$ cat structure34.cif   # mmCIF, C-alpha atoms and all ligand atoms
data_final
loop_
_atom_site.label_atom_id
_atom_site.label_comp_id
_atom_site.auth_asym_id
_atom_site.auth_seq_id
_atom_site.Cartn_x
_atom_site.Cartn_y
_atom_site.Cartn_z
CA MET A 1 1.86 21.13 -4.20
CA SER A 2 4.00 18.04 -4.68
CA ALA A 3 2.88 15.63 -7.39
CA LEU A 4 3.96 12.75 -5.16
CA GLU A 5 4.72 12.65 -1.48
CA LEU A 6 5.76 9.68 0.62
CA ILE A 7 5.76 10.45 4.33
CA GLY A 8 7.39 7.93 6.68
CA VAL A 9 6.40 5.03 4.43
CA THR A 10 7.14 1.55 5.72
CA LYS A 11 6.32 -1.66 3.89
CA VAL A 12 6.46 -5.05 5.56
CA TYR A 13 5.99 -8.25 3.58
CA GLY A 14 5.20 -11.54 5.31
CA ARG A 15 4.93 -12.24 9.03
CA GLY A 16 6.88 -13.57 11.96
CA ALA A 17 10.23 -15.14 11.14
CA GLY A 18 9.66 -14.59 7.38
CA GLU A 19 8.97 -10.89 7.76
CA VAL A 20 10.79 -8.56 5.35
CA GLN A 21 10.94 -4.81 5.87
CA ALA A 22 11.08 -3.71 2.23
CA LEU A 23 10.81 0.01 3.06
CA ARG A 24 11.57 1.74 6.33
CA GLU A 25 10.28 5.24 7.05
CA VAL A 26 10.90 6.56 3.54
CA THR A 27 10.07 10.23 3.06
CA LEU A 28 10.24 11.71 -0.42
CA ALA A 29 8.52 14.54 -2.30
CA VAL A 30 8.58 14.91 -6.08
CA GLU A 31 7.44 18.18 -7.63
CA PRO A 32 5.69 18.60 -10.98
CA GLY A 33 8.37 18.82 -13.66
CA GLU A 34 10.97 17.10 -11.50
CA LEU A 35 12.73 13.84 -12.34
CA VAL A 36 14.05 11.76 -9.46
CA ALA A 37 16.24 8.70 -9.98
CA VAL A 38 16.22 5.90 -7.41
CA MET A 39 19.37 3.83 -7.02
CA GLY A 40 20.42 1.09 -4.64
CA PRO A 41 21.53 -2.54 -4.56
CA SER A 42 19.20 -5.36 -5.55
CA GLY A 43 16.65 -5.99 -2.80
CA SER A 44 16.98 -2.49 -1.34
CA GLY A 45 13.31 -1.63 -1.95
CA LYS A 46 13.40 0.31 -5.25
CA SER A 47 10.57 -1.60 -6.94
CA THR A 48 8.53 -1.56 -3.74
CA LEU A 49 8.88 2.21 -3.61
CA LEU A 50 7.53 2.47 -7.18
CA THR A 51 4.61 0.11 -6.63
CA ILE A 52 3.57 1.97 -3.49
CA ALA A 53 3.97 5.37 -5.19
CA GLY A 54 1.80 4.00 -8.02
CA THR A 55 -0.88 2.73 -5.59
CA LEU A 56 -0.35 -0.80 -6.90
CA GLU A 57 0.24 -1.80 -3.29
CA SER A 58 -0.53 -0.06 -0.02
CA ALA A 59 2.00 1.00 2.59
CA SER A 60 2.07 -0.83 5.93
CA SER A 61 2.37 2.56 7.64
CA GLY A 62 2.99 6.15 6.65
CA ASP A 63 1.21 8.25 4.05
CA VAL A 64 1.27 8.44 0.26
CA LEU A 65 -0.13 11.62 -1.29
CA ILE A 66 -0.68 12.03 -5.02
CA GLY A 67 -1.41 15.58 -6.11
CA GLY A 68 -1.90 16.39 -2.40
CA MET A 69 -4.55 13.68 -1.99
CA PRO A 70 -3.84 10.99 0.64
CA VAL A 71 -4.26 7.69 -1.20
CA SER A 72 -5.53 5.98 1.97
CA LYS A 73 -8.53 8.32 1.98
CA LEU A 74 -9.59 7.22 -1.51
CA SER A 75 -11.95 4.31 -2.16
CA ARG A 76 -10.65 1.42 -4.25
CA ASN A 77 -12.62 2.77 -7.22
CA GLN A 78 -11.09 6.22 -6.80
CA GLN A 79 -7.64 4.67 -6.59
CA ALA A 80 -8.32 2.73 -9.79
CA ALA A 81 -9.43 5.93 -11.54
CA MET A 82 -6.23 7.62 -10.39
CA ARG A 83 -4.15 4.75 -11.80
CA ARG A 84 -5.99 4.98 -15.12
CA ARG A 85 -5.86 8.75 -15.49
CA ALA A 86 -3.06 10.29 -13.46
CA ILE A 87 -0.25 7.74 -13.32
CA GLY A 88 1.86 6.31 -16.13
CA TYR A 89 3.95 3.16 -15.69
CA VAL A 90 6.93 2.02 -17.75
CA PHE A 91 8.52 -1.37 -17.20
CA GLN A 92 11.77 -2.89 -18.37
CA ASP A 93 10.13 -5.32 -20.78
CA PHE A 94 7.92 -2.76 -22.59
CA ASN A 95 4.70 -4.80 -22.32
CA LEU A 96 3.34 -3.61 -25.66
CA LEU A 97 0.52 -5.69 -27.16
CA ALA A 98 1.87 -7.43 -30.26
CA GLY A 99 -1.44 -7.38 -32.13
CA LEU A 100 -1.86 -3.61 -31.90
CA THR A 101 0.04 -0.92 -33.80
CA ALA A 102 2.13 1.66 -31.95
CA ALA A 103 -0.73 4.18 -32.19
CA GLU A 104 -3.27 1.61 -30.95
CA ASN A 105 -1.02 0.64 -28.04
CA VAL A 106 -0.69 4.28 -27.01
CA ALA A 107 -4.43 4.95 -27.41
CA LEU A 108 -5.39 1.90 -25.33
CA PRO A 109 -5.25 3.44 -21.81
CA LEU A 110 -7.56 6.25 -22.92
CA GLU A 111 -9.97 3.84 -24.62
CA LEU A 112 -10.05 1.66 -21.51
CA ASP A 113 -10.96 4.81 -19.62
CA GLY A 114 -13.99 5.36 -21.87
CA VAL A 115 -12.53 7.95 -24.26
CA SER A 116 -13.87 7.56 -27.83
CA THR A 117 -11.64 5.71 -30.30
CA ARG A 118 -11.31 8.82 -32.42
CA THR A 119 -10.28 11.13 -29.57
CA ALA A 120 -7.94 8.50 -28.12
CA ARG A 121 -6.25 8.04 -31.50
CA LYS A 122 -5.79 11.79 -31.90
CA ALA A 123 -4.18 12.02 -28.45
CA ALA A 124 -1.98 9.00 -29.23
CA LEU A 125 -0.76 10.49 -32.50
CA GLU A 126 0.04 13.77 -30.74
CA VAL A 127 2.20 12.03 -28.13
CA LEU A 128 3.93 9.89 -30.75
CA ASP A 129 4.68 13.05 -32.68
CA ARG A 130 6.13 14.72 -29.57
CA LEU A 131 8.37 11.70 -29.08
CA SER A 132 9.47 11.77 -32.74
CA LEU A 133 7.66 8.50 -33.48
CA SER A 134 5.07 9.68 -36.03
CA ALA A 135 6.67 7.60 -38.77
CA ARG A 136 6.25 4.48 -36.62
CA ALA A 137 2.60 5.04 -35.60
CA GLU A 138 1.18 2.31 -37.85
CA HIS A 139 3.95 -0.22 -37.19
CA PHE A 140 3.44 -3.27 -35.01
CA PRO A 141 5.82 -3.79 -32.06
CA ASP A 142 7.62 -6.65 -33.84
CA ASP A 143 8.62 -4.20 -36.59
CA LEU A 144 10.17 -1.74 -34.14
CA SER A 145 13.65 -1.70 -32.62
CA GLY A 146 14.04 -2.18 -28.85
CA GLY A 147 14.62 1.54 -28.37
CA GLU A 148 11.55 2.43 -30.42
CA ARG A 149 9.42 -0.03 -28.48
CA GLN A 150 10.47 1.52 -25.21
CA ARG A 151 9.71 5.00 -26.58
CA VAL A 152 6.23 3.78 -27.55
CA ALA A 153 5.84 2.40 -24.01
CA ILE A 154 6.75 5.84 -22.66
CA ALA A 155 4.24 7.46 -25.02
CA ARG A 156 1.59 5.08 -23.69
CA ALA A 157 2.56 5.98 -20.12
CA VAL A 158 2.17 9.72 -20.65
CA VAL A 159 -0.83 9.90 -23.00
CA GLY A 160 -3.70 12.00 -21.61
CA GLU A 161 -3.28 14.19 -18.58
CA ARG A 162 -0.82 12.11 -16.55
CA ARG A 163 0.82 13.82 -13.60
CA LEU A 164 3.14 11.06 -12.46
CA LEU A 165 5.46 8.85 -14.51
CA LEU A 166 6.91 5.80 -12.77
CA ALA A 167 9.57 3.80 -14.56
CA ASP A 168 11.32 0.63 -13.36
CA GLU A 169 14.65 0.22 -15.18
CA PRO A 170 13.16 1.58 -18.41
CA SER A 171 16.50 1.25 -20.16
CA GLY A 172 17.46 -2.06 -18.57
CA ALA A 173 16.96 -4.09 -21.74
CA LEU A 174 18.58 -1.51 -24.03
CA ASP A 175 22.11 -0.78 -25.14
CA SER A 176 23.74 2.39 -23.85
CA VAL A 177 22.83 4.58 -26.84
CA ASN A 178 19.15 3.61 -26.66
CA GLY A 179 19.26 3.79 -22.86
CA GLU A 180 20.43 7.41 -23.06
CA ALA A 181 17.72 8.19 -25.64
CA VAL A 182 15.05 6.79 -23.32
CA MET A 183 16.32 8.82 -20.37
CA ARG A 184 16.49 11.94 -22.53
CA LEU A 185 12.85 11.35 -23.43
CA VAL A 186 11.80 10.80 -19.82
CA ARG A 187 13.68 13.98 -18.92
CA SER A 188 11.95 16.09 -21.58
CA THR A 189 8.55 14.58 -20.73
CA CYS A 190 9.04 15.68 -17.14
CA GLN A 191 10.01 19.16 -18.24
CA GLY A 192 6.47 19.37 -19.64
CA GLY A 193 5.20 19.27 -16.02
CA VAL A 194 5.01 15.55 -15.23
CA ALA A 195 6.71 14.33 -12.05
CA GLY A 196 8.97 11.35 -12.77
CA VAL A 197 10.49 8.61 -10.63
CA VAL A 198 12.91 6.30 -12.41
CA VAL A 199 14.68 3.28 -10.96
CA THR A 200 18.06 2.67 -12.55
CA HIS A 201 21.27 0.80 -11.81
CA ASP A 202 23.24 3.07 -14.07
CA ALA A 203 24.84 6.19 -12.56
CA GLN A 204 25.35 7.67 -16.01
CA LEU A 205 21.63 7.42 -16.71
CA ALA A 206 20.78 8.67 -13.21
CA SER A 207 22.73 11.82 -14.05
CA TRP A 208 19.80 12.86 -16.26
CA ALA A 209 17.68 13.26 -13.13
CA ASP A 210 17.31 16.42 -11.04
CA ARG A 211 17.97 14.40 -7.92
CA VAL A 212 19.14 10.91 -7.05
CA VAL A 213 17.94 9.08 -3.95
CA PHE A 214 19.77 6.04 -2.67
CA LEU A 215 18.11 3.13 -0.88
CA ARG A 216 19.81 0.53 1.26
CA ASP A 217 17.89 -2.17 3.15
CA GLY A 218 14.67 -0.23 2.61
CA ARG A 219 16.04 2.99 4.06
CA MET A 220 16.77 6.17 2.17
CA VAL A 221 20.43 6.65 2.96
CA ASP A 222 21.30 9.62 0.82
CA GLN A 223 19.83 12.15 -1.50
CA THR A 224 21.89 14.20 -3.81
CA ALA A 225 21.82 16.40 -6.84
CA PRO A 226 23.89 14.47 -9.40
CA PRO A 227 27.01 15.92 -10.96
CA ALA A 228 26.20 18.05 -13.99
CA GLY A 229 24.73 15.67 -16.57
CA PRO A 230 25.24 15.79 -20.32
CA GLU A 231 22.16 17.95 -20.83
CA SER A 232 23.20 20.63 -18.32
CA LEU A 233 26.59 20.82 -20.02
CA LEU A 234 24.83 21.47 -23.32
CA GLN A 235 22.66 24.12 -21.69
CA ALA A 236 25.71 25.77 -20.17
CA ASP A 237 27.30 25.77 -23.61
CA ALA A 238 24.23 27.34 -25.17
CA ALA A 239 24.18 30.05 -22.48
CA ARG A 240 27.72 31.13 -23.25
P1 LIG B 1 14.75 -3.86 -5.47
O1 LIG B 1 13.74 -3.35 -6.44
O2 LIG B 1 15.64 -2.78 -4.92
O3 LIG B 1 15.54 -5.01 -6.00
P2 LIG B 1 12.44 -4.84 -4.04
O4 LIG B 1 11.59 -3.66 -3.74
O5 LIG B 1 12.04 -5.72 -5.19
O6 LIG B 1 13.96 -4.40 -4.18
O7 LIG B 1 12.50 -5.78 -2.76
C1 LIG B 1 12.81 -5.30 -1.45
C2 LIG B 1 12.71 -6.46 -0.46
O8 LIG B 1 11.34 -6.85 -0.34
C3 LIG B 1 13.47 -7.70 -0.90
O9 LIG B 1 13.99 -8.32 0.25
C4 LIG B 1 12.39 -8.56 -1.54
O10 LIG B 1 12.71 -9.92 -1.44
C5 LIG B 1 11.18 -8.21 -0.70
N1 LIG B 1 9.92 -8.30 -1.46
C6 LIG B 1 9.57 -7.57 -2.54
N2 LIG B 1 8.34 -7.89 -2.97
C7 LIG B 1 7.89 -8.87 -2.14
C8 LIG B 1 6.68 -9.62 -2.05
N3 LIG B 1 5.66 -9.42 -2.90
N4 LIG B 1 6.58 -10.53 -1.05
C9 LIG B 1 7.59 -10.72 -0.17
N5 LIG B 1 8.75 -10.05 -0.20
C10 LIG B 1 8.91 -9.13 -1.17
#
$ encode --input "structure34.cif" --output "structure tokens"
Amino acid sequence: MSALELIGVTKVYGRGAGEVQALREVTLAVEPGELVAVMGPSGSGKSTLLTIAGTLESASSGDVLIGGMPVSKLSRNQQAAMRRRAIGYVFQDFNLLAGLTAAENVALPLELDGVSTRTARKAALEVLDRLSLSARAEHFPDDLSGGERQRVAIARAVVGERRLLLADEPSGALDSVNGEAVMRLVRSTCQGGVAGVVVTHDAQLASWADRVVFLRDGRMVDQTAPPAGPESLLQADAAR
């Protein structure tokens, strides 16, 4: 079963003369463990695709299924529970809370979902460890580098049993070395069974994905496996 499925999704903003078709009949399935990059010019509908996939907005027509469940059949409360438990979001500007340590930031989504402080902290420390951030767990965001902050934001997005990771230009504010590190992390997180959708402008970073989809004027115009990325070259080397 696909972790995420968009079937003929159209999104229209505004009405009459001011109407904008942000997405037109977009169909896309993302499997557990798969990372899909979304590319396209500014205004082509990339962010709209993410917000609809994340149930932050509803489609004007078409279906969105998460874990096989049509979102339109869920009540608003059920959709909210799905956003809290199943979906992780990463944005360009990190959005970490400055008054909380890295571990507290990562634990927060679980605590907001009613998990005890102790259990949430344990889960947060486990994720930080997996992302090689144990040494930074008690640091505040201001004491972390940009790359570290984004890695903490990714840890926060995948803590608990998330099935879907949605990232809008997660490396947009980073230099190329940190950008690569963030994509490498997203890639390895997905290999653990999470389905990922990442918007990026950068073809080099998109090459970390299993598949790249291209949007133009709200339409999916192409879908391709990228040329062998740096990681696949390493794997090929190791296999020799
Ligand atoms: P991208 O992420 O590729 O830059 P967006 O998904 O942000 O594109 O936007 C796609 C189109 O939808 C653009 O024409 C944009 O102006 C329009 N749009 C996006 N969000 C809204 C909104 N909340 N209200 C009206 N128009 C919007």
$ residues_near_ligand --input "structure34.cif" --ligand "ligand LIG 1 (chain B)" --cutoff "12 Å" --atoms "all atoms listed in the file" --output "PyMOL selection string"
chain A and resi 10-15+18-24+38-53+56-58+167-169+198-201+214-220
$ closest_residue --input "structure34.cif" --among "A:Gln223, A:Asn105, A:Ser132, A:Thr117" --to "Leu28 in chain A" --atoms "only C-alpha atoms"
A:Gln223
$ atom_distance --input "structure34.cif" --atom1 "CA of Gly147 in chain A" --atom2 "CA of Asp175 in chain A"
8.5 Å
$ residues_near_point --input "structure34.cif" --point "(-11.0, 2.6, -18.9)" --cutoff "10 Å" --atoms "all atoms listed in the file" --output "NGL selection string"
:A and (80-81 or 84-85 or 108-115)
$ closest_residue --input "structure34.cif" --among "A:Arg121, A:Arg83, A:Arg149, A:Arg162" --to "Leu174 in chain A" --atoms "all atoms listed in the file"
A:Arg149
$ residues_around --input "structure34.cif" --residues "Met82 in chain A" --least-positions-apart "6" --cutoff "12 Å" --atoms "all atoms listed in the file" --output "list in words"
Ala53, Gly54, Thr55, Leu56, Leu65, Ile66, Gly67, Met69, Pro70, Val71, Leu74, Ser75, Arg76, Gly88, Asp113, Glu161, Arg162, Arg163 and Leu164 of chain A
$ residues_around --input "structure34.cif" --residues "Gly179 in chain A" --least-positions-apart "6" --cutoff "8 Å" --atoms "only C-alpha atoms" --output "count of residues only"
5
$ atom_distance --input "structure34.cif" --atom1 "CA of Gly160 in chain A" --atom2 "CA of Thr27 in chain A"
28.3 Å
$ closest_residue --input "structure34.cif" --among "A:Leu6, A:Ile154, A:Val177, A:Val30" --to "Phe91 in chain A" --atoms "all atoms listed in the file"
A:Ile154
$ residues_near_point --input "structure34.cif" --point "(0.7, 9.0, -28.9)" --cutoff "9 Å" --atoms "all atoms listed in the file" --output "PyMOL selection string"
chain A and resi 102-107+120-131+133-134+137+152+155-156+158-159
$ closest_residue --input "structure34.cif" --among "A:Ala203, A:Val221, A:Val197, A:Leu166" --to "Glu180 in chain A" --atoms "all atoms listed in the file"
A:Ala203
$ atom_distance --input "structure34.cif" --atom1 "CA of Pro141 in chain A" --atom2 "CA of Ser188 in chain A"
23.3 Å
$ residues_around --input "structure34.cif" --residues "Met1 in chain A" --least-positions-apart "2" --cutoff "10 Å" --atoms "only C-alpha atoms" --output "short mmCIF file (atom, residue, chain, number, x, y, z; two decimals) with C-alpha atoms, keeping the file's coordinate frame"
data_model
loop_
_atom_site.label_atom_id
_atom_site.label_comp_id
_atom_site.auth_asym_id
_atom_site.auth_seq_id
_atom_site.Cartn_x
_atom_site.Cartn_y
_atom_site.Cartn_z
CA ALA A 3 2.88 15.63 -7.39
CA LEU A 4 3.96 12.75 -5.16
CA GLU A 5 4.72 12.65 -1.48
CA ALA A 29 8.52 14.54 -2.30
CA VAL A 30 8.58 14.91 -6.08
CA GLU A 31 7.44 18.18 -7.63
CA PRO A 32 5.69 18.60 -10.98
CA ILE A 66 -0.68 12.03 -5.02
CA GLY A 67 -1.41 15.58 -6.11
CA GLY A 68 -1.90 16.39 -2.40
#
$ closest_residue --input "structure34.cif" --among "A:Asp202, A:Asp93, A:Glu148, A:Glu138" --to "Asn178 in chain A" --atoms "only C-alpha atoms"
A:Glu148
$ axis_aligned_box --input "structure34.cif" --around "range 99-114 of chain A" --padding-each-side "3 Å" --output "AutoDock Vina command-line options"
--center_x -5.9 --center_y -0.6 --center_z -26.7 --size_x 22.1 --size_y 19.6 --size_z 20.2
$ closest_residue --input "structure34.cif" --among "A:Ala98, A:Ala157, A:Ala86, A:Ala195" --to "His139 in chain A" --atoms "all atoms listed in the file"
A:Ala98
$ residues_around --input "structure34.cif" --residues "Glu34 in chain A" --least-positions-apart "6" --cutoff "9 Å" --atoms "all atoms listed in the file" --output "list in words"
Arg187, Cys190, Gln191, Gly193, Val194, Ala195, Gly196, Val197, Ala209, Asp210 and Arg211 of chain A
$ decode --input "structure34.cif" --residues "range 54-69 of chain A" --atoms "N, CA, C and O atoms" --output "CSV table (one decimal), in the first residue's frame"
chain,number,residue,atom,x,y,z
A,54,GLY,N,0.1,17.0,3.0
A,54,GLY,CA,0.1,17.0,4.5
A,54,GLY,C,-1.2,17.3,5.1
A,54,GLY,O,-1.2,17.5,6.3
A,55,THR,N,-2.3,17.3,4.4
A,55,THR,CA,-3.6,17.6,4.9
A,55,THR,C,-3.7,19.0,5.6
A,55,THR,O,-4.6,19.2,6.4
A,56,LEU,N,-2.8,19.9,5.2
A,56,LEU,CA,-2.8,21.3,5.7
A,56,LEU,C,-3.8,22.1,5.0
A,56,LEU,O,-4.3,23.1,5.4
A,57,GLU,N,-4.2,21.6,3.7
A,57,GLU,CA,-5.2,22.2,2.9
A,57,GLU,C,-5.9,21.1,2.2
A,57,GLU,O,-5.3,20.0,2.0
A,58,SER,N,-7.2,21.3,1.8
A,58,SER,CA,-7.9,20.2,1.1
A,58,SER,C,-7.8,20.5,-0.4
A,58,SER,O,-7.7,21.7,-0.9
A,59,ALA,N,-7.9,19.4,-1.2
A,59,ALA,CA,-7.9,19.5,-2.6
A,59,ALA,C,-9.3,20.1,-3.1
A,59,ALA,O,-10.3,19.8,-2.4
A,60,SER,N,-9.3,20.8,-4.2
A,60,SER,CA,-10.6,21.2,-4.8
A,60,SER,C,-11.3,20.0,-5.4
A,60,SER,O,-12.5,19.9,-5.4
A,61,SER,N,-10.5,19.1,-6.0
A,61,SER,CA,-11.1,17.9,-6.5
A,61,SER,C,-10.0,16.8,-6.6
A,61,SER,O,-8.8,17.2,-6.5
A,62,GLY,N,-10.4,15.6,-6.7
A,62,GLY,CA,-9.4,14.5,-6.7
A,62,GLY,C,-9.3,13.9,-5.3
A,62,GLY,O,-9.9,14.5,-4.3
A,63,ASP,N,-8.5,12.9,-5.1
A,63,ASP,CA,-8.4,12.2,-3.8
A,63,ASP,C,-7.0,12.2,-3.3
A,63,ASP,O,-6.0,12.1,-4.1
A,64,VAL,N,-6.9,12.4,-2.0
A,64,VAL,CA,-5.6,12.2,-1.3
A,64,VAL,C,-5.7,11.0,-0.3
A,64,VAL,O,-6.6,11.0,0.5
A,65,LEU,N,-4.8,10.0,-0.5
A,65,LEU,CA,-4.9,8.9,0.4
A,65,LEU,C,-3.6,8.8,1.2
A,65,LEU,O,-2.5,8.9,0.6
A,66,ILE,N,-3.7,8.7,2.5
A,66,ILE,CA,-2.5,8.5,3.3
A,66,ILE,C,-2.6,7.2,4.0
A,66,ILE,O,-3.6,6.9,4.7
A,67,GLY,N,-1.6,6.3,3.7
A,67,GLY,CA,-1.6,4.9,4.2
A,67,GLY,C,-2.9,4.2,3.8
A,67,GLY,O,-3.5,3.4,4.5
A,68,GLY,N,-3.4,4.6,2.6
A,68,GLY,CA,-4.5,3.9,2.0
A,68,GLY,C,-5.9,4.5,2.4
A,68,GLY,O,-6.9,4.1,1.9
A,69,MET,N,-5.8,5.5,3.3
A,69,MET,CA,-7.0,6.1,3.9
A,69,MET,C,-7.3,7.4,3.2
A,69,MET,O,-6.5,8.3,3.2
